[in-house]
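A quick write-up on the structure given underneath.
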Amino acid sequence: LFLPSFQDLFGVSMVVPLMNLHIKSLGASHTVAGIIGSLYGIMQLFTSTFVGCWSDIVGRRYSLLACILLSALGYFLLGNSTTVFLFAISRVPVGIFKHTLSISKALLSDLVSERDRPLVMGRFNAASSVGFILGPVVGGYLAEFKGGFYQTSFICASIFLLNGGLVWMLPWSEENTSNRNHYQDKETNSFSAKSNHEHHLKSATSRAVTNSSFFQSPWIQVATVLKKIKGIACSNLWDVFLVRFLMSVTILLYYSNFTLALEERFGVKPLFSGYLMSYSSALGVLAGCLLGPITRLYGHNTYRLLLHSSTFTCTLILLYASAPSIWMVILSSTFLAFSTTIGRTCIIDLELTVGGNEASGTLLGVGQSVTSVGRIIAPPLSGIAQEFSPCGPPSLAVGLAFVAIVIMNANKQKYRSHGSVKLKNQ
């Protein structure tokens with residue numbers, strides 16, 4: 001699963017930086033290009049929850065394969081887009097079904113124990129980040145040739161097809177993922193013989209439903225999806241998703257005017273800003289690899305690690321907003337790469353711990369929708385804050401991060417209770 005995730009972001013990051021140049025070469029105005037660019041984000045906002053929930057119903061293998069193949073179709077159409085209309089059409093299947101990373105994370109949560117989940121998620125994010133770092137370099141090189149955008153799009157579509165073949169050949173089944181928790185609980189002797197038997201019957205029933213759900217009527221699948229989404233909406237997870245939303249907007253505000261602010265405040269050229277962002281991304285990969293030792297240091301207490309990383313992120317952005325020199329910016333960017341990577345992994349783990357693994361696809365889908373809302377809200381907030389000062393967006397980010405920290409402190413008893421149950425079961 002790490003290799004497909006790397007290839008996924010490697011292929012996408014080759015194409016995405018070239019899209020604006022291509023659509024303008026087709027004769028689109030800036031307004032039309034902006035509308036088509038936002039089409040992808042809007043579709044992702046409304047479909048991530050449904051696709052994640054669908055993966056809970058039909059199983060990870062079928063849903064992941066469907067998303068990979070339909071995303072490949074979208075990039076294949078993009079490689080044939082010779083008009084603005086065809087370009088817009090090509091973004092539809094990608095906008096609806098490009099949720100491969102979310103489903104892969106849900107699959108990982110099925111395959112590993114709760115104790116090992118932050119470590120595995122951190123490595124998964126690290127593998128994805130490496131692809132995101134290398135992709136733009138390769139895409140920029142190919143764009144120098146005649147018809148480079150079309151070649152890049154076809155290469156991206158081919159990578160998705162390759163990923164489909166890798167997923168099809170993966171040595172796992174829905175039965176194995178359902179049995180994992182059963183055998184793990186049995187080995188720790190945390191259940192009586194009777195409860196083990198009941199759990200086995202429940203797992204067998206769940207496998208039968210999963211294996212047959214793919215062949216059910218689409219209307220039955222839609223009804224089941226809506227029922228599961230309603231259950232999540234009526235749950236007590238609002239504070240977890242609110243923390244995710246606030247921290248997502250915080251990071252987006254930090255990066256929203258990063259290049260422009262450095263130029264206005266310190267006279268730094270955009271090329272240096274690009275190097276600094278690549279440097280931060282590379283450190284983020286290192287942070288993902290170090291997540292295992294860090295979680296062990298915290299005794300696998302995800303809540304405490306998230307609280308401390310969010311507090312550290314808030315402090316570092318405040319340091320950046322008040323930095324008197326470019327060296328202070330470099331220092332804050334160095335440690336911010338670690339705190340944001342750790343926080344992003346911990347909030348996902350907290351969602352799954354509080355919400356339960358039974359609906360991991362739905363939970364991750366809702367979380368992705370929350371992040372998408374942040375991507376829509378952050379640009380206008382950044383524009384308004386920037387009217388007052390180049391330090392306006394990061395200053396606003398500090399305030400939002402502080403609110404998230406207050407919410408986590410106000411609900412610490414709930415998080416701690418889930419954390420103690422998690423450790424007890426292990």
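Identifiers in the structure tokens: chain A, B, ... in order shown; residue index from 1 per chain; ligand index from 1 in order shown.
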If you count only C-alpha atoms, which residues fall within 12 Å of Gly267 (chain A), apart from same-chain ones fewer than 6 positions away, as a CSV table (one decimal) with all heavy atoms, in the first residue's frame?
chain,number,residue,atom,x,y,z
A,259,THR,N,5.0,33.1,0.2
A,259,THR,CA,6.0,33.6,-0.8
A,259,THR,C,5.9,35.1,-0.8
A,259,THR,O,6.9,35.8,-0.8
A,259,THR,CB,5.8,33.0,-2.2
A,259,THR,OG1,5.9,31.6,-2.1
A,259,THR,CG2,6.8,33.6,-3.2
A,260,LEU,N,4.7,35.7,-0.9
A,260,LEU,CA,4.5,37.1,-1.0
A,260,LEU,C,5.0,37.8,0.2
A,260,LEU,O,5.6,38.9,0.2
A,260,LEU,CB,3.1,37.4,-1.3
A,260,LEU,CG,2.7,38.9,-1.5
A,260,LEU,CD1,3.5,39.5,-2.6
A,260,LEU,CD2,1.2,39.0,-1.7
A,261,ALA,N,4.6,37.2,1.4
A,261,ALA,CA,5.0,37.8,2.7
A,261,ALA,C,6.5,37.9,2.9
A,261,ALA,O,7.0,38.9,3.3
A,261,ALA,CB,4.3,37.1,3.8
A,273,SER,N,11.9,31.1,-1.5
A,273,SER,CA,10.7,30.6,-0.8
A,273,SER,C,10.4,29.2,-1.3
A,273,SER,O,10.0,28.3,-0.5
A,273,SER,CB,9.5,31.5,-1.1
A,273,SER,OG,9.8,32.8,-0.7
A,325,SER,N,13.9,38.4,11.4
A,325,SER,CA,14.9,38.1,10.3
A,325,SER,C,14.5,36.9,9.6
A,325,SER,O,13.7,36.1,10.1
A,325,SER,CB,16.3,38.0,10.9
A,325,SER,OG,16.4,36.8,11.7
A,326,ILE,N,15.1,36.6,8.4
A,326,ILE,CA,14.8,35.4,7.7
A,326,ILE,C,15.3,34.2,8.4
A,326,ILE,O,14.7,33.1,8.2
A,326,ILE,CB,15.4,35.6,6.2
A,326,ILE,CG1,14.9,34.5,5.3
A,326,ILE,CG2,16.9,35.6,6.3
A,326,ILE,CD1,13.4,34.5,5.1
Query raised in the report: Could you pull the residues within 10 Å of Phe160 (chain A), counting only C-alpha atoms, minus those fewer than 4 positions along the same chain, as a PyMOL selection string?
Result: chain A and resi 4+7-8+11-12+65+67-73+75+100+154-156+164-166
Counting only C-alpha atoms, what are the residues of region 231-331 of chain A within 6 Å of region 119-135 of chain A, and for each of them which pair of atoms is the nearest and at what distance in Å, to one decimal? Sort the table by chain and rising number, as a tab-separated table.
residue	atom	partner	partner_atom	distance
A:Val285	CA	A:Ala126	CA	4.4
A:Gly288	CA	A:Gly122	CA	4.3
A:Cys289	CA	A:Arg123	CA	5.4
A:Leu291	CA	A:Leu119	CA	5.6
A:Gly292	CA	A:Leu119	CA	4.5
Query - Shortest interatomic distance to Val167 (chain A) - which of A:Met408, A:Leu45, A:Leu142, A:Leu107, counting only C-alpha atoms - result: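 That would be A:Leu107, the residue with the smallest distance to Val167 (chain A).
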Per DSSP on the backbone, filter region 61-175 of chain A down to the residues in alpha helix (DSSP H) and report them as a tab-separated table (two decimals) with N, CA, C and O atoms, in the first residue's frame.
chain	number	residue	atom	x	y	z
A	61	ARG	N	-11.31	-3.40	-1.19
A	61	ARG	CA	-10.73	-3.80	-2.48
A	61	ARG	C	-11.57	-3.28	-3.65
A	61	ARG	O	-11.03	-2.65	-4.58
A	62	TYR	N	-12.88	-3.54	-3.62
A	62	TYR	CA	-13.74	-3.12	-4.74
A	62	TYR	C	-13.77	-1.60	-4.88
A	62	TYR	O	-13.67	-1.05	-5.98
A	63	SER	N	-13.93	-0.90	-3.74
A	63	SER	CA	-14.03	0.56	-3.81
A	63	SER	C	-12.71	1.19	-4.23
A	63	SER	O	-12.69	2.15	-5.02
A	64	LEU	N	-11.58	0.66	-3.73
A	64	LEU	CA	-10.28	1.21	-4.10
A	64	LEU	C	-10.00	0.98	-5.58
A	64	LEU	O	-9.51	1.89	-6.28
A	65	LEU	N	-10.31	-0.21	-6.08
A	65	LEU	CA	-10.11	-0.48	-7.51
A	65	LEU	C	-10.98	0.42	-8.38
A	65	LEU	O	-10.52	0.95	-9.40
A	66	ALA	N	-12.24	0.61	-7.96
A	66	ALA	CA	-13.14	1.48	-8.74
A	66	ALA	C	-12.61	2.91	-8.79
A	66	ALA	O	-12.59	3.54	-9.86
A	67	CYS	N	-12.14	3.42	-7.64
A	67	CYS	CA	-11.63	4.79	-7.60
A	67	CYS	C	-10.36	4.93	-8.43
A	67	CYS	O	-10.17	5.94	-9.13
A	68	ILE	N	-9.48	3.94	-8.37
A	68	ILE	CA	-8.23	4.00	-9.14
A	68	ILE	C	-8.51	3.99	-10.64
A	68	ILE	O	-7.97	4.81	-11.40
A	69	LEU	N	-9.37	3.09	-11.09
A	69	LEU	CA	-9.64	2.96	-12.52
A	69	LEU	C	-10.36	4.18	-13.07
A	69	LEU	O	-10.07	4.66	-14.18
A	70	LEU	N	-11.32	4.71	-12.31
A	70	LEU	CA	-12.05	5.89	-12.78
A	70	LEU	C	-11.18	7.14	-12.74
A	70	LEU	O	-11.34	8.04	-13.57
A	71	SER	N	-10.25	7.21	-11.78
A	71	SER	CA	-9.29	8.32	-11.77
A	71	SER	C	-8.37	8.22	-12.98
A	71	SER	O	-8.02	9.24	-13.60
A	72	ALA	N	-7.96	6.98	-13.33
A	72	ALA	CA	-7.15	6.79	-14.53
A	72	ALA	C	-7.89	7.27	-15.77
A	72	ALA	O	-7.30	7.90	-16.66
A	73	LEU	N	-9.19	7.00	-15.83
A	73	LEU	CA	-10.01	7.48	-16.95
A	73	LEU	C	-9.98	9.00	-17.02
A	73	LEU	O	-9.85	9.58	-18.11
A	74	GLY	N	-10.09	9.66	-15.86
A	74	GLY	CA	-10.08	11.12	-15.84
A	74	GLY	C	-8.78	11.69	-16.38
A	74	GLY	O	-8.78	12.64	-17.18
A	75	TYR	N	-7.64	11.12	-15.98
A	75	TYR	CA	-6.36	11.64	-16.45
A	75	TYR	C	-6.10	11.26	-17.91
A	75	TYR	O	-5.39	11.97	-18.63
A	76	PHE	N	-6.67	10.14	-18.36
A	76	PHE	CA	-6.59	9.80	-19.78
A	76	PHE	C	-7.36	10.82	-20.62
A	76	PHE	O	-6.89	11.28	-21.66
A	77	LEU	N	-8.55	11.21	-20.15
A	77	LEU	CA	-9.32	12.26	-20.83
A	77	LEU	C	-8.58	13.58	-20.81
A	77	LEU	O	-8.63	14.36	-21.77
A	78	LEU	N	-7.89	13.85	-19.68
A	78	LEU	CA	-7.12	15.09	-19.58
A	78	LEU	C	-6.01	15.11	-20.62
A	78	LEU	O	-5.70	16.17	-21.19
A	84	VAL	N	-11.36	23.65	-23.95
A	84	VAL	CA	-11.68	23.95	-22.55
A	84	VAL	C	-12.79	23.04	-22.05
A	84	VAL	O	-12.77	22.58	-20.89
A	85	PHE	N	-13.76	22.73	-22.92
A	85	PHE	CA	-14.88	21.86	-22.52
A	85	PHE	C	-14.37	20.46	-22.15
A	85	PHE	O	-14.77	19.90	-21.13
A	86	LEU	N	-13.50	19.90	-22.99
A	86	LEU	CA	-12.96	18.57	-22.70
A	86	LEU	C	-12.12	18.58	-21.42
A	86	LEU	O	-12.11	17.61	-20.66
A	87	PHE	N	-11.42	19.69	-21.20
A	87	PHE	CA	-10.63	19.82	-19.97
A	87	PHE	C	-11.55	19.77	-18.75
A	87	PHE	O	-11.26	19.08	-17.76
A	88	ALA	N	-12.67	20.49	-18.80
A	88	ALA	CA	-13.61	20.50	-17.68
A	88	ALA	C	-14.23	19.12	-17.48
A	88	ALA	O	-14.39	18.66	-16.34
A	89	ILE	N	-14.59	18.43	-18.58
A	89	ILE	CA	-15.17	17.09	-18.48
A	89	ILE	C	-14.19	16.12	-17.83
A	89	ILE	O	-14.57	15.26	-17.02
A	90	SER	N	-12.90	16.25	-18.13
A	90	SER	CA	-11.91	15.32	-17.60
A	90	SER	C	-11.75	15.44	-16.09
A	90	SER	O	-11.30	14.49	-15.43
A	91	ARG	N	-12.14	16.59	-15.54
A	91	ARG	CA	-11.99	16.78	-14.09
A	91	ARG	C	-13.13	16.15	-13.30
A	91	ARG	O	-13.03	16.00	-12.07
A	92	VAL	N	-14.22	15.76	-13.99
A	92	VAL	CA	-15.39	15.22	-13.29
A	92	VAL	C	-15.11	13.86	-12.64
A	92	VAL	O	-15.30	13.70	-11.43
A	93	PRO	N	-14.64	12.84	-13.39
A	93	PRO	CA	-14.38	11.55	-12.73
A	93	PRO	C	-13.29	11.63	-11.67
A	93	PRO	O	-13.36	10.93	-10.65
A	94	VAL	N	-12.31	12.51	-11.87
A	94	VAL	CA	-11.26	12.66	-10.86
A	94	VAL	C	-11.82	13.33	-9.61
A	94	VAL	O	-11.52	12.92	-8.48
A	95	GLY	N	-12.65	14.35	-9.80
A	95	GLY	CA	-13.23	15.04	-8.65
A	95	GLY	C	-14.14	14.16	-7.82
A	95	GLY	O	-14.22	14.29	-6.60
A	96	ILE	N	-14.83	13.23	-8.47
A	96	ILE	CA	-15.77	12.36	-7.76
A	96	ILE	C	-15.07	11.18	-7.12
A	96	ILE	O	-15.36	10.81	-5.97
A	97	PHE	N	-14.10	10.58	-7.82
A	97	PHE	CA	-13.54	9.30	-7.36
A	97	PHE	C	-12.08	9.36	-6.92
A	97	PHE	O	-11.54	8.33	-6.53
A	100	THR	N	-8.47	7.83	-3.38
A	100	THR	CA	-7.67	6.62	-3.20
A	100	THR	C	-6.86	6.65	-1.91
A	100	THR	O	-6.72	5.63	-1.24
A	101	LEU	N	-6.33	7.80	-1.55
A	101	LEU	CA	-5.52	7.88	-0.33
A	101	LEU	C	-6.37	7.68	0.91
A	101	LEU	O	-5.95	7.02	1.87
A	102	SER	N	-7.59	8.24	0.92
A	102	SER	CA	-8.47	8.07	2.08
A	102	SER	C	-8.86	6.60	2.26
A	102	SER	O	-8.86	6.08	3.39
A	103	ILE	N	-9.19	5.92	1.16
A	103	ILE	CA	-9.56	4.51	1.26
A	103	ILE	C	-8.34	3.68	1.68
A	103	ILE	O	-8.47	2.71	2.45
A	104	SER	N	-7.16	4.03	1.18
A	104	SER	CA	-5.94	3.31	1.57
A	104	SER	C	-5.69	3.46	3.07
A	104	SER	O	-5.28	2.51	3.74
A	105	LYS	N	-5.93	4.66	3.61
A	105	LYS	CA	-5.78	4.86	5.05
A	105	LYS	C	-6.79	4.04	5.83
A	105	LYS	O	-6.47	3.47	6.88
A	106	ALA	N	-8.02	3.97	5.32
A	106	ALA	CA	-9.04	3.14	5.98
A	106	ALA	C	-8.63	1.68	5.95
A	106	ALA	O	-8.82	0.94	6.93
A	107	LEU	N	-8.05	1.24	4.84
A	107	LEU	CA	-7.59	-0.14	4.73
A	107	LEU	C	-6.46	-0.41	5.71
A	107	LEU	O	-6.42	-1.46	6.37
A	108	LEU	N	-5.54	0.54	5.85
A	108	LEU	CA	-4.46	0.38	6.81
A	108	LEU	C	-4.99	0.28	8.24
A	108	LEU	O	-4.49	-0.51	9.05
A	109	SER	N	-6.02	1.07	8.55
A	109	SER	CA	-6.60	1.00	9.89
A	109	SER	C	-7.27	-0.35	10.13
A	109	SER	O	-7.37	-0.80	11.28
A	110	ASP	N	-7.71	-1.01	9.05
A	110	ASP	CA	-8.29	-2.36	9.19
A	110	ASP	C	-7.20	-3.41	9.42
A	110	ASP	O	-7.41	-4.39	10.12
A	111	LEU	N	-6.04	-3.18	8.81
A	111	LEU	CA	-5.00	-4.21	8.79
A	111	LEU	C	-4.08	-4.18	10.01
A	111	LEU	O	-3.49	-5.19	10.35
A	117	ARG	N	-1.12	1.91	14.75
A	117	ARG	CA	-1.73	2.73	13.70
A	117	ARG	C	-1.01	4.07	13.49
A	117	ARG	O	-0.75	4.44	12.34
A	118	PRO	N	-0.66	4.85	14.54
A	118	PRO	CA	0.05	6.11	14.28
A	118	PRO	C	1.36	5.91	13.56
A	118	PRO	O	1.72	6.68	12.67
A	119	LEU	N	2.11	4.85	13.94
A	119	LEU	CA	3.39	4.56	13.29
A	119	LEU	C	3.19	4.27	11.81
A	119	LEU	O	3.88	4.83	10.95
A	120	VAL	N	2.22	3.40	11.48
A	120	VAL	CA	1.99	3.02	10.09
A	120	VAL	C	1.45	4.20	9.29
A	120	VAL	O	1.87	4.42	8.14
A	121	MET	N	0.54	4.97	9.88
A	121	MET	CA	0.02	6.15	9.19
A	121	MET	C	1.12	7.17	8.92
A	121	MET	O	1.14	7.82	7.87
A	122	GLY	N	2.03	7.32	9.88
A	122	GLY	CA	3.13	8.24	9.67
A	122	GLY	C	4.01	7.83	8.52
A	122	GLY	O	4.43	8.66	7.69
A	123	ARG	N	4.32	6.54	8.43
A	123	ARG	CA	5.13	6.05	7.31
A	123	ARG	C	4.37	6.16	5.99
A	123	ARG	O	4.96	6.43	4.94
A	124	PHE	N	3.06	5.94	6.04
A	124	PHE	CA	2.23	6.08	4.84
A	124	PHE	C	2.29	7.52	4.33
A	124	PHE	O	2.47	7.77	3.14
A	125	ASN	N	2.13	8.49	5.25
A	125	ASN	CA	2.20	9.90	4.86
A	125	ASN	C	3.59	10.26	4.34
A	125	ASN	O	3.72	11.08	3.43
A	126	ALA	N	4.62	9.65	4.94
A	126	ALA	CA	5.98	9.92	4.48
A	126	ALA	C	6.18	9.43	3.06
A	126	ALA	O	6.77	10.13	2.21
A	127	ALA	N	5.69	8.22	2.76
A	127	ALA	CA	5.80	7.68	1.40
A	127	ALA	C	5.05	8.55	0.41
A	127	ALA	O	5.53	8.81	-0.71
A	128	SER	N	3.88	9.05	0.81
A	128	SER	CA	3.10	9.93	-0.07
A	128	SER	C	3.82	11.24	-0.30
A	128	SER	O	3.83	11.77	-1.42
A	129	SER	N	4.45	11.78	0.76
A	129	SER	CA	5.14	13.06	0.63
A	129	SER	C	6.33	12.98	-0.30
A	129	SER	O	6.64	13.94	-1.02
A	130	VAL	N	7.03	11.84	-0.29
A	130	VAL	CA	8.16	11.68	-1.21
A	130	VAL	C	7.69	11.78	-2.66
A	130	VAL	O	8.32	12.43	-3.49
A	131	GLY	N	6.55	11.15	-2.95
A	131	GLY	CA	5.99	11.27	-4.29
A	131	GLY	C	5.62	12.69	-4.64
A	131	GLY	O	5.81	13.15	-5.78
A	132	PHE	N	5.12	13.44	-3.64
A	132	PHE	CA	4.72	14.83	-3.87
A	132	PHE	C	5.93	15.72	-4.10
A	132	PHE	O	5.85	16.72	-4.81
A	133	ILE	N	7.07	15.35	-3.50
A	133	ILE	CA	8.29	16.14	-3.69
A	133	ILE	C	8.89	15.91	-5.06
A	133	ILE	O	9.33	16.85	-5.75
A	134	LEU	N	8.92	14.65	-5.50
A	134	LEU	CA	9.58	14.30	-6.77
A	134	LEU	C	8.70	14.59	-7.98
A	134	LEU	O	9.22	14.90	-9.06
A	135	GLY	N	7.37	14.50	-7.83
A	135	GLY	CA	6.47	14.66	-8.97
A	135	GLY	C	6.61	15.97	-9.72
A	135	GLY	O	6.76	15.97	-10.96
A	136	PRO	N	6.58	17.13	-9.04
A	136	PRO	CA	6.69	18.40	-9.76
A	136	PRO	C	8.00	18.54	-10.53
A	136	PRO	O	8.03	19.18	-11.59
A	137	VAL	N	9.08	17.95	-10.01
A	137	VAL	CA	10.37	18.04	-10.70
A	137	VAL	C	10.30	17.31	-12.05
A	137	VAL	O	10.70	17.84	-13.09
A	138	VAL	N	9.76	16.09	-12.02
A	138	VAL	CA	9.64	15.30	-13.25
A	138	VAL	C	8.65	15.95	-14.21
A	138	VAL	O	8.90	16.04	-15.43
A	139	GLY	N	7.51	16.42	-13.67
A	139	GLY	CA	6.52	17.08	-14.51
A	139	GLY	C	7.07	18.34	-15.16
A	139	GLY	O	6.82	18.61	-16.35
A	140	GLY	N	7.84	19.14	-14.40
A	140	GLY	CA	8.44	20.35	-14.97
A	140	GLY	C	9.44	20.03	-16.07
A	140	GLY	O	9.53	20.75	-17.07
A	141	TYR	N	10.16	18.93	-15.89
A	141	TYR	CA	11.13	18.52	-16.93
A	141	TYR	C	10.41	18.10	-18.21
A	141	TYR	O	10.79	18.50	-19.32
A	142	LEU	N	9.34	17.29	-18.07
A	142	LEU	CA	8.60	16.83	-19.25
A	142	LEU	C	7.89	17.98	-19.96
A	142	LEU	O	7.69	17.94	-21.18
A	143	ALA	N	7.49	19.00	-19.19
A	143	ALA	CA	6.77	20.13	-19.79
A	143	ALA	C	7.64	20.93	-20.74
A	143	ALA	O	7.11	21.71	-21.56
A	148	GLY	N	4.38	18.21	-23.90
A	148	GLY	CA	4.77	17.66	-22.60
A	148	GLY	C	3.61	17.44	-21.66
A	148	GLY	O	3.58	16.46	-20.91
A	149	PHE	N	2.61	18.35	-21.68
A	149	PHE	CA	1.47	18.18	-20.78
A	149	PHE	C	0.68	16.92	-21.10
A	149	PHE	O	0.28	16.19	-20.20
A	150	TYR	N	0.48	16.65	-22.39
A	150	TYR	CA	-0.26	15.46	-22.78
A	150	TYR	C	0.50	14.19	-22.40
A	150	TYR	O	-0.09	13.22	-21.90
A	151	GLN	N	1.81	14.20	-22.58
A	151	GLN	CA	2.61	13.06	-22.19
A	151	GLN	C	2.55	12.84	-20.68
A	151	GLN	O	2.42	11.70	-20.21
A	152	THR	N	2.61	13.93	-19.93
A	152	THR	CA	2.55	13.82	-18.47
A	152	THR	C	1.22	13.25	-18.02
A	152	THR	O	1.16	12.42	-17.10
A	153	SER	N	0.13	13.68	-18.66
A	153	SER	CA	-1.20	13.18	-18.30
A	153	SER	C	-1.32	11.69	-18.58
A	153	SER	O	-1.88	10.93	-17.77
A	154	PHE	N	-0.81	11.25	-19.72
A	154	PHE	CA	-0.86	9.83	-20.05
A	154	PHE	C	0.00	9.00	-19.09
A	154	PHE	O	-0.36	7.89	-18.70
A	155	ILE	N	1.14	9.54	-18.69
A	155	ILE	CA	1.99	8.84	-17.72
A	155	ILE	C	1.24	8.72	-16.39
A	155	ILE	O	1.28	7.67	-15.74
A	156	CYS	N	0.56	9.78	-15.99
A	156	CYS	CA	-0.22	9.75	-14.74
A	156	CYS	C	-1.33	8.70	-14.82
A	156	CYS	O	-1.54	7.93	-13.87
A	157	ALA	N	-2.04	8.64	-15.94
A	157	ALA	CA	-3.09	7.63	-16.12
A	157	ALA	C	-2.49	6.23	-16.07
A	157	ALA	O	-3.07	5.31	-15.48
A	158	SER	N	-1.31	6.06	-16.67
A	158	SER	CA	-0.66	4.74	-16.65
A	158	SER	C	-0.26	4.34	-15.24
A	158	SER	O	-0.35	3.16	-14.86
A	159	ILE	N	0.17	5.32	-14.44
A	159	ILE	CA	0.53	5.03	-13.04
A	159	ILE	C	-0.69	4.56	-12.26
A	159	ILE	O	-0.60	3.62	-11.45
A	160	PHE	N	-1.84	5.17	-12.51
A	160	PHE	CA	-3.07	4.73	-11.83
A	160	PHE	C	-3.43	3.31	-12.24
A	160	PHE	O	-3.87	2.50	-11.41
A	161	LEU	N	-3.27	2.99	-13.53
A	161	LEU	CA	-3.55	1.62	-13.98
A	161	LEU	C	-2.59	0.64	-13.31
A	161	LEU	O	-2.99	-0.47	-12.92
A	162	LEU	N	-1.33	1.01	-13.19
A	162	LEU	CA	-0.36	0.17	-12.49
A	162	LEU	C	-0.76	-0.03	-11.04
A	162	LEU	O	-0.66	-1.14	-10.49
A	163	ASN	N	-1.22	1.04	-10.40
A	163	ASN	CA	-1.70	0.93	-9.02
A	163	ASN	C	-2.87	-0.03	-8.91
A	163	ASN	O	-2.98	-0.79	-7.93
A	164	GLY	N	-3.76	0.01	-9.92
A	164	GLY	CA	-4.89	-0.92	-9.91
A	164	GLY	C	-4.42	-2.37	-9.94
A	164	GLY	O	-4.96	-3.22	-9.23
A	165	GLY	N	-3.40	-2.64	-10.75
A	165	GLY	CA	-2.86	-3.99	-10.79
A	165	GLY	C	-2.21	-4.39	-9.47
A	165	GLY	O	-2.37	-5.53	-9.01
A	166	LEU	N	-1.52	-3.45	-8.82
A	166	LEU	CA	-0.88	-3.75	-7.53
A	166	LEU	C	-1.93	-4.04	-6.46
A	166	LEU	O	-1.77	-4.97	-5.66
A	167	VAL	N	-3.00	-3.24	-6.44
A	167	VAL	CA	-4.06	-3.46	-5.45
A	167	VAL	C	-4.74	-4.81	-5.68
A	167	VAL	O	-5.07	-5.54	-4.74
A	168	TRP	N	-4.94	-5.17	-6.95
A	168	TRP	CA	-5.59	-6.44	-7.26
A	168	TRP	C	-4.74	-7.63	-6.80
A	168	TRP	O	-5.28	-8.65	-6.39
A	169	MET	N	-3.43	-7.46	-6.84
A	169	MET	CA	-2.54	-8.55	-6.46
A	169	MET	C	-2.15	-8.55	-4.99
A	169	MET	O	-1.41	-9.42	-4.55
A	174	GLU	N	-11.02	-9.31	2.54
A	174	GLU	CA	-11.91	-8.74	3.55
A	174	GLU	C	-12.02	-9.64	4.77
A	174	GLU	O	-12.18	-9.19	5.89
A	175	GLU	N	-11.90	-10.96	4.54
A	175	GLU	CA	-11.99	-11.90	5.65
A	175	GLU	C	-10.81	-11.71	6.59
A	175	GLU	O	-10.95	-11.74	7.81
Query raised in the report: Do you know which residues are at most 8 Å from Phe338 (chain A) counting only C-alpha atoms, after dropping those on the same chain fewer than 2 positions away, and could you put them as a ChimeraX atom specification?
Result: /A:283-284,287,334-336,340-342
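The nearest approach to Ser278 (chain A) among the residues A:Ala337, A:Val15, A:Gln413, A:Asp349, with only C-alpha atoms taken into account, belongs to A:Ala337.
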Query raised in the report: What lies within 12 Å of Pro270 (chain A) using only C-alpha atoms, ignoring chain neighbours under 4 positions off, as an MDAnalysis selection string?
Result: chainID A and resid 257:264 266 274:277
Report task. State, in Å with one decimal place, the distance from CA of Cys346 (chain A) to CA of Leu286 (chain A). Result ->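 We find that CA of Cys346 (chain A) and CA of Leu286 (chain A) lie 15.9 Å from each other.
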Query raised in the report: Which neighbours of region 389-397 of chain A fall inside 12 Å, counting only C-alpha atoms, when residues of the same chain fewer than 3 positions from it are skipped, and could you give them as an MDAnalysis selection string?
Result: chainID A and resid 245:266 310 313:324 378:386 400:404
